[in-house]
>>> print(open('coords_9.cif').read())   # mmCIF, C-alpha atoms
data_input
#
loop_
_atom_site.label_atom_id
_atom_site.label_comp_id
_atom_site.auth_asym_id
_atom_site.auth_seq_id
_atom_site.Cartn_x
_atom_site.Cartn_y
_atom_site.Cartn_z
CA MET A 26 93.71 58.40 45.61
CA ARG A 27 96.18 56.65 47.95
CA GLU A 28 99.90 57.14 47.30
CA SER A 29 102.16 54.24 46.30
CA SER A 30 105.61 53.38 47.67
CA ASN A 31 106.74 52.65 44.10
CA PRO A 32 107.78 55.96 42.47
CA VAL A 33 106.74 54.75 39.02
CA MET A 34 103.30 53.63 40.23
CA ARG A 35 102.93 56.87 42.15
CA GLY A 36 103.46 58.80 38.93
CA VAL A 37 100.94 56.67 37.05
CA LEU A 38 98.36 57.17 39.82
CA ARG A 39 99.03 60.90 39.92
CA ASP A 40 98.42 61.24 36.18
CA ASN A 41 95.22 59.21 36.22
CA GLN A 42 93.27 60.54 39.19
CA LYS A 43 89.89 60.33 37.54
CA ALA A 44 86.71 58.69 38.72
CA GLY A 45 85.42 55.44 37.32
CA GLY A 46 83.74 52.21 38.31
CA TYR A 47 85.48 49.19 36.88
CA ALA A 48 86.77 46.32 38.91
CA GLY A 49 90.29 45.08 39.05
CA PHE A 50 92.15 42.04 40.37
CA GLY A 51 89.83 41.10 43.19
CA THR A 52 86.22 41.74 42.08
CA GLY A 53 83.84 41.46 39.18
CA MET A 54 83.21 44.20 36.61
CA ALA A 55 81.37 46.93 38.45
CA GLY A 56 79.75 48.23 35.29
CA ALA A 57 78.38 44.85 34.20
CA GLY A 58 74.77 44.93 33.19
CA GLN A 59 74.93 48.66 32.46
CA GLY A 60 75.82 48.48 28.78
CA ALA A 61 72.50 50.02 27.71
CA MET A 62 71.61 53.63 28.43
CA PHE A 63 68.65 55.74 27.36
CA GLY A 64 69.37 58.36 24.69
CA GLN A 65 67.51 61.57 23.99
CA THR A 66 64.84 59.65 22.08
CA GLY A 67 64.01 57.58 25.11
CA GLN A 68 65.12 54.38 23.38
CA PRO A 69 67.81 52.14 24.86
CA GLN A 70 71.20 53.03 23.40
CA GLN A 71 74.18 50.69 23.62
CA VAL A 72 77.35 52.31 24.90
CA ASP A 73 80.90 51.12 25.38
CA PRO A 74 81.13 49.81 28.99
CA TYR A 75 84.81 50.81 29.04
CA ALA A 76 84.29 54.39 27.89
CA ARG A 77 84.59 57.28 30.30
CA PRO A 78 83.57 60.93 30.05
CA GLY A 79 85.91 62.96 27.87
CA GLN A 80 87.62 59.91 26.41
CA PRO A 81 88.54 60.16 22.70
CA VAL A 82 86.36 58.20 20.31
CA GLY A 83 87.75 54.72 19.75
CA SER A 84 89.77 54.65 22.98
CA ARG A 85 88.84 52.58 26.00
CA SER A 86 89.65 52.19 29.67
CA LEU A 87 92.31 50.01 31.18
CA THR A 88 91.59 46.31 31.74
CA ILE A 89 93.39 43.46 33.45
CA ASP A 90 94.21 41.97 30.04
CA ASP A 91 96.06 45.18 29.13
CA VAL A 92 98.14 44.95 32.30
CA VAL A 93 98.99 41.29 31.73
CA THR A 94 99.86 41.81 28.06
CA LYS A 95 102.07 44.87 28.58
CA THR A 96 103.83 43.38 31.59
CA ALA A 97 104.50 40.12 29.74
CA SER A 98 105.86 42.05 26.75
CA THR A 99 108.16 44.11 28.96
CA LEU A 100 109.46 41.06 30.82
CA GLY A 101 109.93 39.19 27.54
CA VAL A 102 112.16 41.97 26.18
CA LEU A 103 114.10 42.06 29.46
CA ILE A 104 114.66 38.30 29.47
CA VAL A 105 115.90 38.25 25.87
CA SER A 106 118.24 41.16 26.60
CA ALA A 107 119.50 39.42 29.77
CA ILE A 108 120.25 36.20 27.89
CA ILE A 109 122.17 38.09 25.20
CA SER A 110 124.09 40.03 27.87
CA TYR A 111 124.96 36.85 29.77
CA PHE A 112 126.40 35.13 26.73
CA LEU A 113 128.28 38.24 25.63
CA VAL A 114 129.99 38.30 29.02
CA HIS A 115 130.56 34.55 28.80
CA GLN A 116 132.43 35.09 25.52
CA ASN A 117 134.34 38.12 26.80
CA GLU A 118 134.44 38.59 30.57
CA GLY A 119 135.83 42.08 30.11
CA LEU A 120 132.33 43.16 29.06
CA ALA A 121 130.86 42.35 32.48
CA MET A 122 131.48 45.71 34.11
CA PRO A 123 130.62 47.89 31.07
CA LEU A 124 127.33 46.07 30.47
CA LEU A 125 126.50 46.13 34.17
CA LEU A 126 127.11 49.88 34.45
CA ILE A 127 125.38 50.74 31.16
CA GLY A 128 122.35 48.70 32.14
CA ALA A 129 122.14 49.97 35.72
CA LEU A 130 122.76 53.66 35.03
CA GLY A 131 120.80 53.69 31.78
CA GLY A 132 117.84 51.94 33.41
CA LEU A 133 117.92 54.34 36.36
CA ALA A 134 118.01 57.32 34.01
CA LEU A 135 114.96 56.08 32.10
CA VAL A 136 113.03 55.44 35.31
CA LEU A 137 113.78 59.01 36.41
CA VAL A 138 112.72 60.36 33.01
CA ALA A 139 109.52 58.32 33.12
CA THR A 140 108.73 59.34 36.70
CA PHE A 141 109.54 63.04 36.69
CA GLY A 142 108.80 63.61 33.00
CA ARG A 143 105.41 61.86 33.28
CA LYS A 144 106.36 59.39 30.55
CA GLN A 145 105.37 56.19 32.38
CA ASP A 146 102.89 55.30 29.65
CA ASN A 147 105.41 55.72 26.82
CA PRO A 148 106.06 52.22 25.39
CA ALA A 149 109.40 53.29 23.85
CA ILE A 150 110.71 54.32 27.27
CA VAL A 151 109.34 51.21 29.00
CA LEU A 152 110.77 48.79 26.43
CA SER A 153 114.09 50.67 26.31
CA TYR A 154 114.24 50.30 30.08
CA ALA A 155 113.63 46.57 29.66
CA VAL A 156 116.55 46.31 27.21
CA LEU A 157 118.94 48.23 29.48
CA GLU A 158 117.86 46.44 32.61
CA GLY A 159 118.29 43.16 30.77
CA LEU A 160 121.93 44.07 30.14
CA PHE A 161 122.34 44.70 33.86
CA VAL A 162 120.55 41.50 34.91
CA GLY A 163 122.54 39.33 32.48
CA ALA A 164 125.89 40.79 33.54
CA ILE A 165 125.25 40.68 37.28
CA SER A 166 123.89 37.13 36.98
CA PHE A 167 127.14 36.05 35.33
CA VAL A 168 129.23 37.74 38.04
CA PHE A 169 127.30 36.20 40.93
CA ALA A 170 127.03 32.75 39.34
CA ASN A 171 130.66 32.46 38.24
CA TYR A 172 132.71 34.47 40.74
CA ALA A 173 130.78 34.68 44.00
CA VAL A 174 129.88 31.00 44.51
CA SER A 175 131.43 27.56 44.59
CA GLY A 176 130.05 24.04 44.44
CA ILE A 177 127.02 24.97 42.34
CA SER A 178 126.62 25.52 38.61
CA ALA A 179 125.70 28.92 37.22
CA GLY A 180 122.55 27.54 35.62
CA VAL A 181 121.30 26.05 38.91
CA LEU A 182 121.94 29.24 40.88
CA ILE A 183 120.25 31.48 38.31
CA GLY A 184 117.38 29.01 37.94
CA GLN A 185 116.82 29.04 41.70
CA ALA A 186 116.79 32.86 41.70
CA VAL A 187 114.30 33.01 38.82
CA LEU A 188 111.99 30.43 40.44
CA GLY A 189 112.23 32.24 43.75
CA THR A 190 111.39 35.57 42.13
CA PHE A 191 108.30 34.38 40.31
CA GLY A 192 107.31 32.23 43.29
CA VAL A 193 107.27 35.32 45.52
CA PHE A 194 105.38 37.27 42.83
CA ALA A 195 102.71 34.56 42.53
CA GLY A 196 102.48 34.16 46.29
CA MET A 197 101.96 37.88 46.89
CA LEU A 198 99.33 37.97 44.13
CA VAL A 199 97.42 35.23 45.99
CA VAL A 200 97.84 37.15 49.25
CA TYR A 201 96.45 40.28 47.60
CA LYS A 202 93.50 38.55 45.93
CA THR A 203 92.48 36.73 49.10
CA GLY A 204 92.77 39.90 51.16
CA ALA A 205 95.07 38.20 53.70
CA ILE A 206 96.98 41.50 53.95
CA ARG A 207 95.11 44.72 53.32
CA VAL A 208 96.86 47.59 51.59
CA THR A 209 95.95 50.57 53.74
CA PRO A 210 97.45 54.10 53.83
CA ARG A 211 99.26 53.14 57.04
CA PHE A 212 100.69 50.00 55.44
CA THR A 213 101.91 52.05 52.48
CA ARG A 214 103.50 54.70 54.71
CA MET A 215 105.29 52.08 56.79
CA LEU A 216 106.59 50.33 53.68
CA PHE A 217 107.77 53.62 52.22
CA ALA A 218 109.56 54.52 55.47
CA ALA A 219 111.27 51.12 55.56
CA MET A 220 112.43 51.51 51.96
CA MET A 221 113.84 54.96 52.75
CA GLY A 222 115.70 53.38 55.67
CA VAL A 223 117.21 50.77 53.36
CA ILE A 224 118.32 53.48 50.91
CA VAL A 225 119.97 55.43 53.76
CA LEU A 226 121.81 52.28 54.88
CA ILE A 227 123.02 51.58 51.34
CA LEU A 228 124.30 55.14 50.97
CA GLY A 229 125.91 54.95 54.42
CA ASN A 230 127.56 51.66 53.48
CA LEU A 231 128.95 53.30 50.34
CA VAL A 232 130.32 56.31 52.22
CA VAL A 233 131.90 54.23 54.99
CA GLY A 234 133.40 51.97 52.35
CA PHE A 235 135.50 54.84 51.07
CA PHE A 236 137.28 55.00 54.44
CA ASN A 237 137.71 51.35 55.43
CA GLY A 238 138.84 49.66 52.26
CA GLY A 239 135.46 49.00 50.69
CA SER A 240 133.89 46.74 53.33
CA GLY A 241 131.58 49.51 54.48
CA LEU A 242 129.08 48.52 57.14
CA GLY A 243 129.22 44.86 56.14
CA LEU A 244 125.94 44.88 54.24
CA TYR A 245 127.36 42.94 51.30
CA ASP A 246 130.25 40.90 52.74
CA GLY A 247 128.29 37.65 53.04
CA GLY A 248 128.28 37.66 56.84
CA PRO A 249 125.29 37.43 59.20
CA LEU A 250 124.51 41.14 58.87
CA ALA A 251 124.61 40.88 55.07
CA ILE A 252 122.22 37.90 55.15
CA ILE A 253 119.80 39.75 57.44
CA PHE A 254 119.96 42.87 55.27
CA SER A 255 119.30 40.82 52.13
CA LEU A 256 116.31 39.11 53.78
CA VAL A 257 114.92 42.53 54.76
CA CYS A 258 115.27 43.75 51.16
CA ILE A 259 113.54 40.63 49.85
CA GLY A 260 110.72 41.17 52.31
CA LEU A 261 110.31 44.81 51.30
CA ALA A 262 110.30 43.90 47.61
CA ALA A 263 107.67 41.23 48.26
CA PHE A 264 105.39 43.60 50.17
CA SER A 265 105.92 46.20 47.45
CA PHE A 266 104.05 43.87 45.09
CA LEU A 267 100.95 44.28 47.25
CA VAL A 268 101.09 48.05 46.80
CA ASP A 269 101.78 47.62 43.07
CA PHE A 270 98.76 45.31 42.68
CA ASP A 271 96.61 47.73 44.63
CA SER A 272 97.75 50.63 42.46
CA ALA A 273 96.92 48.70 39.28
CA ASP A 274 93.56 47.69 40.73
CA ARG A 275 92.65 51.28 41.56
CA LEU A 276 93.72 52.49 38.12
CA ILE A 277 91.39 49.94 36.53
CA ARG A 278 88.57 50.96 38.84
CA ALA A 279 89.16 54.64 38.09
CA GLY A 280 88.80 54.05 34.36
CA ALA A 281 92.37 55.04 33.52
CA PRO A 282 93.21 54.98 29.79
CA GLU A 283 94.51 51.81 28.19
CA LYS A 284 98.03 53.24 27.82
CA ALA A 285 98.41 53.35 31.62
CA ALA A 286 99.17 49.61 31.38
CA TRP A 287 102.69 50.52 30.25
CA GLY A 288 103.27 52.44 33.47
CA ILE A 289 102.03 49.50 35.53
CA ALA A 290 104.31 47.17 33.57
CA LEU A 291 107.26 49.45 34.28
CA GLY A 292 106.49 49.60 38.00
CA LEU A 293 106.11 45.83 38.30
CA THR A 294 109.31 45.22 36.33
CA VAL A 295 111.30 47.55 38.59
CA THR A 296 110.14 45.57 41.64
CA LEU A 297 110.78 42.21 39.96
CA VAL A 298 114.36 43.14 39.05
CA TRP A 299 115.04 44.36 42.59
CA LEU A 300 113.65 41.12 44.03
CA TYR A 301 115.61 38.93 41.60
CA VAL A 302 118.92 40.63 42.39
CA GLU A 303 118.36 40.34 46.14
CA ILE A 304 117.43 36.64 45.92
CA LEU A 305 120.46 36.00 43.69
CA ARG A 306 122.68 37.82 46.19
CA LEU A 307 121.29 35.83 49.11
CA LEU A 308 121.79 32.52 47.28
CA SER A 309 125.38 33.53 46.51
CA TYR A 310 126.01 34.02 50.26
CA PHE A 311 124.80 30.51 51.01
CA ASN A 312 126.94 29.00 48.24
CA SER A 313 130.15 30.97 48.74
CA ASP A 314 133.40 29.66 50.18
#
>>> encode(input="coords_9.cif", output="C-alpha coordinates")
Amino acid sequence: MRESSNPVMRGVLRDNQKAGGYAGFGTGMAGAGQGAMFGQTGQPQQVDPYARPGQPVGSRSLTIDDVVTKTASTLGVLIVSAIISYFLVHQNEGLAMPLLLIGALGGLALVLVATFGRKQDNPAIVLSYAVLEGLFVGAISFVFANYAVSGISAGVLIGQAVLGTFGVFAGMLVVYKTGAIRVTPRFTRMLFAAMMGVIVLILGNLVVGFFNGGSGLGLYDGGPLAIIFSLVCIGLAAFSFLVDFDSADRLIRAGAPEKAAWGIALGLTVTLVWLYVEILRLLSYFNSD
(Lines of atoms letter the chains of each structure in order from A and count residues from 1; the text may use other names and numbers.)
(Lines give C-alpha, C1' and ligand atoms only; values in the text may rest on other atoms or scores of the structure.)
Protein backbone atom coordinates (compact mmCIF):
# COMPACT_ATOMS: atom_id res chain seq x y z
CA MET A 1 0.00 0.00 0.00
CA ARG A 2 1.41 3.40 -1.04
CA GLU A 3 2.83 5.65 1.67
CA SER A 4 1.25 9.01 2.53
CA SER A 5 3.01 12.35 3.09
CA ASN A 6 0.69 12.96 6.05
CA PRO A 7 2.18 11.21 9.13
CA VAL A 8 -1.26 10.59 10.61
CA MET A 9 -2.60 9.07 7.39
CA ARG A 10 0.57 7.03 7.04
CA GLY A 11 -0.07 5.52 10.45
CA VAL A 12 -3.68 4.73 9.61
CA LEU A 13 -2.63 3.07 6.35
CA ARG A 14 0.10 1.11 8.11
CA ASP A 15 -2.35 -0.28 10.65
CA ASN A 16 -4.94 -1.25 8.06
CA GLN A 17 -2.96 -2.97 5.32
CA LYS A 18 -5.56 -5.60 4.58
CA ALA A 19 -7.15 -6.60 1.32
CA GLY A 20 -10.67 -5.67 0.37
CA GLY A 21 -12.79 -4.56 -2.55
CA TYR A 22 -14.94 -1.58 -1.72
CA ALA A 23 -14.93 1.64 -3.62
CA GLY A 24 -14.19 5.05 -2.28
CA PHE A 25 -14.52 8.66 -3.41
CA GLY A 26 -14.25 8.14 -7.13
CA THR A 27 -16.03 4.89 -8.05
CA GLY A 28 -19.08 2.78 -7.35
CA MET A 29 -19.24 0.02 -4.72
CA ALA A 30 -17.06 -2.77 -6.03
CA GLY A 31 -18.94 -5.41 -4.09
CA ALA A 32 -22.37 -4.38 -5.37
CA GLY A 33 -24.46 -7.25 -6.58
CA GLN A 34 -22.48 -9.73 -4.50
CA GLY A 35 -24.61 -9.68 -1.37
CA ALA A 36 -25.68 -13.32 -1.82
CA MET A 37 -23.27 -16.21 -1.42
CA PHE A 38 -23.82 -19.96 -1.44
CA GLY A 39 -23.58 -21.68 1.95
CA GLN A 40 -22.73 -25.28 2.69
CA THR A 41 -26.30 -26.32 1.88
CA GLY A 42 -26.01 -24.98 -1.63
CA GLN A 43 -28.72 -22.39 -0.99
CA PRO A 44 -28.10 -18.67 -1.47
CA GLN A 45 -27.09 -17.08 1.82
CA GLN A 46 -27.22 -13.34 2.39
CA VAL A 47 -24.04 -11.85 3.83
CA ASP A 48 -23.04 -8.40 4.97
CA PRO A 49 -21.44 -6.67 1.93
CA TYR A 50 -19.25 -4.65 4.32
CA ALA A 51 -17.92 -7.61 6.27
CA ARG A 52 -14.38 -8.83 5.80
CA PRO A 53 -12.62 -12.04 6.84
CA GLY A 54 -11.78 -12.10 10.53
CA GLN A 55 -13.98 -9.13 11.36
CA PRO A 56 -15.84 -9.34 14.71
CA VAL A 57 -19.55 -10.09 14.49
CA GLY A 58 -21.57 -6.89 14.31
CA SER A 59 -18.69 -4.75 13.02
CA ARG A 60 -18.43 -3.48 9.47
CA SER A 61 -15.98 -1.93 7.06
CA LEU A 62 -15.30 1.74 6.57
CA THR A 63 -17.61 3.77 4.31
CA ILE A 64 -17.58 7.29 2.93
CA ASP A 65 -20.42 8.20 5.31
CA ASP A 66 -18.19 7.25 8.25
CA VAL A 67 -15.42 9.52 6.99
CA VAL A 68 -17.79 12.45 6.44
CA THR A 69 -19.49 12.03 9.83
CA LYS A 70 -16.28 11.71 11.86
CA THR A 71 -14.56 14.55 10.03
CA ALA A 72 -17.58 16.83 10.49
CA SER A 73 -17.72 15.97 14.20
CA THR A 74 -14.02 16.71 14.64
CA LEU A 75 -14.24 20.02 12.80
CA GLY A 76 -17.37 20.96 14.74
CA VAL A 77 -15.55 20.49 18.06
CA LEU A 78 -12.57 22.47 16.75
CA ILE A 79 -14.75 25.36 15.58
CA VAL A 80 -16.60 25.59 18.91
CA SER A 81 -13.30 25.51 20.79
CA ALA A 82 -11.84 28.19 18.47
CA ILE A 83 -14.82 30.50 19.01
CA ILE A 84 -14.56 30.12 22.79
CA SER A 85 -10.80 30.75 22.64
CA TYR A 86 -11.25 33.85 20.48
CA PHE A 87 -13.74 35.44 22.84
CA LEU A 88 -11.68 34.54 25.91
CA VAL A 89 -8.75 36.40 24.38
CA HIS A 90 -11.06 39.24 23.39
CA GLN A 91 -12.07 39.61 27.05
CA ASN A 92 -8.51 39.24 28.35
CA GLU A 93 -5.73 39.73 25.80
CA GLY A 94 -3.21 38.35 28.28
CA LEU A 95 -4.64 34.89 27.54
CA ALA A 96 -3.55 35.02 23.90
CA MET A 97 -0.08 33.56 24.35
CA PRO A 98 -1.01 30.92 26.97
CA LEU A 99 -3.91 29.62 24.88
CA LEU A 100 -1.82 29.69 21.72
CA LEU A 101 1.02 27.71 23.33
CA ILE A 102 -1.27 25.25 25.13
CA GLY A 103 -3.19 24.59 21.94
CA ALA A 104 -0.14 24.29 19.67
CA LEU A 105 2.03 22.17 21.97
CA GLY A 106 -0.86 20.10 23.29
CA GLY A 107 -2.14 19.42 19.78
CA LEU A 108 1.34 18.47 18.59
CA ALA A 109 1.77 16.11 21.54
CA LEU A 110 -1.52 14.35 20.77
CA VAL A 111 -0.64 13.98 17.09
CA LEU A 112 2.67 12.38 18.09
CA VAL A 113 0.89 10.07 20.54
CA ALA A 114 -1.66 9.11 17.89
CA THR A 115 0.99 8.56 15.22
CA PHE A 116 3.69 6.71 17.12
CA GLY A 117 1.36 5.07 19.65
CA ARG A 118 -0.97 3.83 16.89
CA LYS A 119 -3.94 5.62 18.45
CA GLN A 120 -5.20 7.36 15.32
CA ASP A 121 -8.57 5.63 15.61
CA ASN A 122 -9.09 6.63 19.24
CA PRO A 123 -12.00 9.13 19.29
CA ALA A 124 -10.94 10.56 22.68
CA ILE A 125 -7.52 11.49 21.29
CA VAL A 126 -8.95 12.88 18.05
CA LEU A 127 -11.59 15.03 19.78
CA SER A 128 -9.09 16.17 22.44
CA TYR A 129 -6.83 17.25 19.60
CA ALA A 130 -9.74 19.19 18.11
CA VAL A 131 -10.30 21.00 21.43
CA LEU A 132 -6.62 21.91 21.83
CA GLU A 133 -6.17 22.91 18.22
CA GLY A 134 -9.30 25.03 18.53
CA LEU A 135 -7.63 26.95 21.37
CA PHE A 136 -4.64 27.55 19.10
CA VAL A 137 -6.75 28.57 16.08
CA GLY A 138 -8.89 30.98 18.12
CA ALA A 139 -5.90 32.65 19.76
CA ILE A 140 -3.81 32.98 16.61
CA SER A 141 -6.84 34.28 14.69
CA PHE A 142 -7.26 37.03 17.28
CA VAL A 143 -3.57 37.95 17.10
CA PHE A 144 -3.47 38.13 13.31
CA ALA A 145 -6.82 39.91 12.97
CA ASN A 146 -6.23 42.52 15.67
CA TYR A 147 -2.48 43.16 15.75
CA ALA A 148 -1.02 42.26 12.37
CA VAL A 149 -3.42 44.13 10.06
CA SER A 150 -4.93 47.54 9.51
CA GLY A 151 -7.86 48.84 7.48
CA ILE A 152 -9.87 45.62 7.71
CA SER A 153 -12.10 44.24 10.45
CA ALA A 154 -11.19 41.06 12.30
CA GLY A 155 -14.42 39.38 11.20
CA VAL A 156 -13.75 40.09 7.51
CA LEU A 157 -10.16 38.83 7.66
CA ILE A 158 -11.09 35.62 9.49
CA GLY A 159 -14.09 35.10 7.21
CA GLN A 160 -11.86 35.40 4.15
CA ALA A 161 -9.42 32.86 5.62
CA VAL A 162 -12.22 30.40 6.43
CA LEU A 163 -13.77 30.73 2.96
CA GLY A 164 -10.36 30.36 1.35
CA THR A 165 -9.63 27.23 3.39
CA PHE A 166 -12.84 25.42 2.56
CA GLY A 167 -12.69 26.70 -1.02
CA VAL A 168 -9.28 25.07 -1.48
CA PHE A 169 -10.55 21.89 0.22
CA ALA A 170 -13.58 21.68 -2.09
CA GLY A 171 -11.49 22.50 -5.14
CA MET A 172 -8.94 19.79 -4.42
CA LEU A 173 -11.74 17.28 -3.81
CA VAL A 174 -13.07 18.07 -7.30
CA VAL A 175 -9.56 17.73 -8.71
CA TYR A 176 -9.19 14.33 -7.04
CA LYS A 177 -12.60 13.02 -8.12
CA THR A 178 -12.13 14.09 -11.74
CA GLY A 179 -8.63 12.61 -11.85
CA ALA A 180 -7.14 15.89 -13.11
CA ILE A 181 -4.07 15.15 -10.95
CA ARG A 182 -3.19 11.54 -10.26
CA VAL A 183 -1.75 10.58 -6.89
CA THR A 184 1.18 8.37 -7.81
CA PRO A 185 4.11 7.14 -5.67
CA ARG A 186 6.33 9.71 -7.41
CA PHE A 187 3.86 12.51 -6.67
CA THR A 188 3.76 11.47 -3.02
CA ARG A 189 7.55 11.30 -2.74
CA MET A 190 7.96 14.74 -4.31
CA LEU A 191 5.35 16.24 -1.99
CA PHE A 192 7.00 14.64 1.03
CA ALA A 193 10.42 15.97 -0.02
CA ALA A 194 9.00 19.47 -0.48
CA MET A 195 7.39 19.36 2.97
CA MET A 196 10.69 18.26 4.51
CA GLY A 197 12.34 21.21 2.77
CA VAL A 198 9.79 23.59 4.29
CA ILE A 199 10.39 22.13 7.76
CA VAL A 200 14.16 22.60 7.34
CA LEU A 201 13.63 26.22 6.29
CA ILE A 202 11.39 26.88 9.29
CA LEU A 203 13.95 25.39 11.67
CA GLY A 204 16.73 27.35 9.94
CA ASN A 205 14.69 30.54 10.26
CA LEU A 206 14.27 29.86 13.98
CA VAL A 207 17.99 29.23 14.53
CA VAL A 208 19.10 32.28 12.55
CA GLY A 209 16.55 34.36 14.43
CA PHE A 210 18.42 33.73 17.66
CA PHE A 211 21.44 35.57 16.22
CA ASN A 212 19.91 38.48 14.30
CA GLY A 213 17.24 39.81 16.60
CA GLY A 214 14.41 37.49 15.63
CA SER A 215 14.03 38.35 11.94
CA GLY A 216 15.60 35.07 10.90
CA LEU A 217 15.67 34.42 7.17
CA GLY A 218 12.73 36.74 6.56
CA LEU A 219 10.17 33.98 6.15
CA TYR A 220 7.60 35.73 8.33
CA ASP A 221 8.41 39.45 8.08
CA GLY A 222 5.72 40.23 5.50
CA GLY A 223 8.19 40.95 2.70
CA PRO A 224 8.34 39.40 -0.78
CA LEU A 225 10.19 36.31 0.49
CA ALA A 226 7.59 35.82 3.23
CA ILE A 227 4.76 36.07 0.69
CA ILE A 228 6.43 33.53 -1.60
CA PHE A 229 7.09 31.17 1.30
CA SER A 230 3.47 31.44 2.45
CA LEU A 231 2.22 30.72 -1.08
CA VAL A 232 4.47 27.64 -1.23
CA CYS A 233 3.07 26.40 2.08
CA ILE A 234 -0.50 26.95 0.88
CA GLY A 235 0.29 25.02 -2.29
CA LEU A 236 1.80 22.12 -0.34
CA ALA A 237 -1.18 22.00 2.02
CA ALA A 238 -3.55 21.99 -0.96
CA PHE A 239 -1.72 19.13 -2.70
CA SER A 240 -1.61 17.28 0.61
CA PHE A 241 -5.39 17.00 0.40
CA LEU A 242 -5.01 14.90 -2.74
CA VAL A 243 -2.83 12.42 -0.85
CA ASP A 244 -5.24 12.48 2.11
CA PHE A 245 -8.21 11.75 -0.18
CA ASP A 246 -6.28 8.96 -1.86
CA SER A 247 -5.36 7.45 1.51
CA ALA A 248 -9.00 7.52 2.63
CA ASP A 249 -10.08 6.02 -0.68
CA ARG A 250 -7.62 3.15 -0.39
CA LEU A 251 -8.64 2.46 3.21
CA ILE A 252 -12.26 2.15 2.09
CA ARG A 253 -11.27 -0.12 -0.76
CA ALA A 254 -9.15 -2.27 1.55
CA GLY A 255 -12.10 -2.87 3.87
CA ALA A 256 -10.54 -1.09 6.85
CA PRO A 257 -12.65 -1.16 10.03
CA GLU A 258 -15.19 1.57 10.68
CA LYS A 259 -13.07 3.11 13.46
CA ALA A 260 -10.37 4.04 10.92
CA ALA A 261 -12.62 7.02 10.06
CA TRP A 262 -11.32 8.76 13.19
CA GLY A 263 -7.77 8.53 11.88
CA ILE A 264 -8.82 9.96 8.53
CA ALA A 265 -10.65 12.78 10.32
CA LEU A 266 -7.52 13.55 12.33
CA GLY A 267 -5.32 13.62 9.22
CA LEU A 268 -7.70 15.89 7.31
CA THR A 269 -8.05 18.23 10.29
CA VAL A 270 -4.28 18.58 10.64
CA THR A 271 -4.05 19.63 6.98
CA LEU A 272 -7.03 21.99 7.25
CA VAL A 273 -5.55 23.79 10.26
CA TRP A 274 -2.20 24.17 8.50
CA LEU A 275 -3.91 25.58 5.40
CA TYR A 276 -6.09 27.98 7.42
CA VAL A 277 -3.13 29.41 9.34
CA GLU A 278 -1.11 29.92 6.15
CA ILE A 279 -4.01 31.64 4.36
CA LEU A 280 -4.62 33.83 7.42
CA ARG A 281 -0.91 34.73 7.52
CA LEU A 282 -0.87 35.59 3.82
CA LEU A 283 -3.97 37.79 4.15
CA SER A 284 -2.35 39.58 7.09
CA TYR A 285 0.66 40.44 4.87
CA PHE A 286 -1.61 42.03 2.27
CA ASN A 287 -3.49 44.04 4.90
CA SER A 288 -0.59 45.16 7.08
CA ASP A 289 0.84 48.66 7.30
>>> resolve_selection(input="coords_9.cif", expression="the PyMOL selection byres ((chain A and resi 106) around 6)", output="MDAnalysis selection string")
chainID A and resid 103:105 107:109 156 159:160
>>> resolve_selection(input="coords_9.cif", expression="the PyMOL selection byres ((chain A and resi 291) around 8)", output="short mmCIF file (atom, residue, chain, number, x, y, z; two decimals) with C-alpha atoms, in the coordinates of the input")
data_model
loop_
_atom_site.label_atom_id
_atom_site.label_comp_id
_atom_site.auth_asym_id
_atom_site.auth_seq_id
_atom_site.Cartn_x
_atom_site.Cartn_y
_atom_site.Cartn_z
CA VAL A 33 106.74 54.75 39.02
CA THR A 96 103.83 43.38 31.59
CA THR A 99 108.16 44.11 28.96
CA GLN A 145 105.37 56.19 32.38
CA VAL A 151 109.34 51.21 29.00
CA TRP A 287 102.69 50.52 30.25
CA GLY A 288 103.27 52.44 33.47
CA ILE A 289 102.03 49.50 35.53
CA ALA A 290 104.31 47.17 33.57
CA GLY A 292 106.49 49.60 38.00
CA LEU A 293 106.11 45.83 38.30
CA THR A 294 109.31 45.22 36.33
CA VAL A 295 111.30 47.55 38.59
#
>>> resolve_selection(input="coords_9.cif", expression="the PyMOL selection byres ((chain A and resi 204) around 12)", output="list in words")
Phe50, Gly51, Thr52, Met197, Leu198, Val199, Val200, Tyr201, Lys202, Thr203, Ala205, Ile206, Arg207, Val208, Thr209, Leu267, Phe270 and Asp271 of chain A
>>> atom_distance(input="coords_9.cif", atom1="atom CA of Asn312 of chain A", atom2="atom CA of Phe254 of chain A")
17.0 Å
>>> atom_distance(input="coords_9.cif", atom1="atom CA of Lys284 of chain A", atom2="atom CA of Ala155 of chain A")
17.1 Å
>>> closest_residue(input="coords_9.cif", among="A:Met221, A:Ala139, A:Val298, A:Ile183", to="Phe266 of chain A", atoms="all atoms listed in the file")
A:Val298
>>> closest_residue(input="coords_9.cif", among="A:Asn230, A:Ser272, A:Gln185, A:Thr140", to="Asp246 of chain A", atoms="only C-alpha atoms")
A:Asn230
>>> atom_distance(input="coords_9.cif", atom1="atom CA of Ala286 of chain A", atom2="atom CA of Val92 of chain A")
4.9 Å
>>> closest_residue(input="coords_9.cif", among="A:Leu300, A:Leu244, A:Val233, A:Ala281", to="Ser265 of chain A", atoms="all atoms listed in the file")
A:Leu300
>>> residues_around(input="coords_9.cif", residues="Glu283 of chain A", least_positions_apart="4", cutoff="8 Å", atoms="all atoms listed in the file", output="mmCIF file with C-alpha atoms, in the coordinates of the input")
data_model
loop_
_atom_site.group_PDB
_atom_site.id
_atom_site.type_symbol
_atom_site.label_atom_id
_atom_site.label_comp_id
_atom_site.auth_asym_id
_atom_site.auth_seq_id
_atom_site.Cartn_x
_atom_site.Cartn_y
_atom_site.Cartn_z
ATOM 1 C CA SER A 84 89.770 54.650 22.980
ATOM 2 C CA ARG A 85 88.840 52.580 26.000
ATOM 3 C CA SER A 86 89.650 52.190 29.670
ATOM 4 C CA LEU A 87 92.310 50.010 31.180
ATOM 5 C CA THR A 88 91.590 46.310 31.740
ATOM 6 C CA ASP A 91 96.060 45.180 29.130
#
>>> closest_residue(input="coords_9.cif", among="A:Asp90, A:Ala263, A:Ile150, A:Lys95", to="Gly196 of chain A", atoms="all atoms listed in the file")
A:Ala263
>>> residues_around(input="coords_9.cif", residues="Ala251 of chain A", least_positions_apart="6", cutoff="10 Å", atoms="all atoms listed in the file", output="PyMOL selection string")
chain A and resi 242-245+257+306-307+310
>>> closest_residue(input="coords_9.cif", among="A:Leu297, A:Met215, A:Val223, A:Val114", to="Asp269 of chain A", atoms="all atoms listed in the file")
A:Leu297
>>> closest_residue(input="coords_9.cif", among="A:Phe236, A:Trp299, A:Phe167, A:Phe212", to="Glu118 of chain A", atoms="all atoms listed in the file")
A:Phe167
>>> axis_aligned_box(input="coords_9.cif", around="segment 215-219 of chain A", padding_each_side="5 Å", output="AutoDock Vina command-line options")
--center_x 108.3 --center_y 52.4 --center_z 54.5 --size_x 16.0 --size_y 14.2 --size_z 14.6
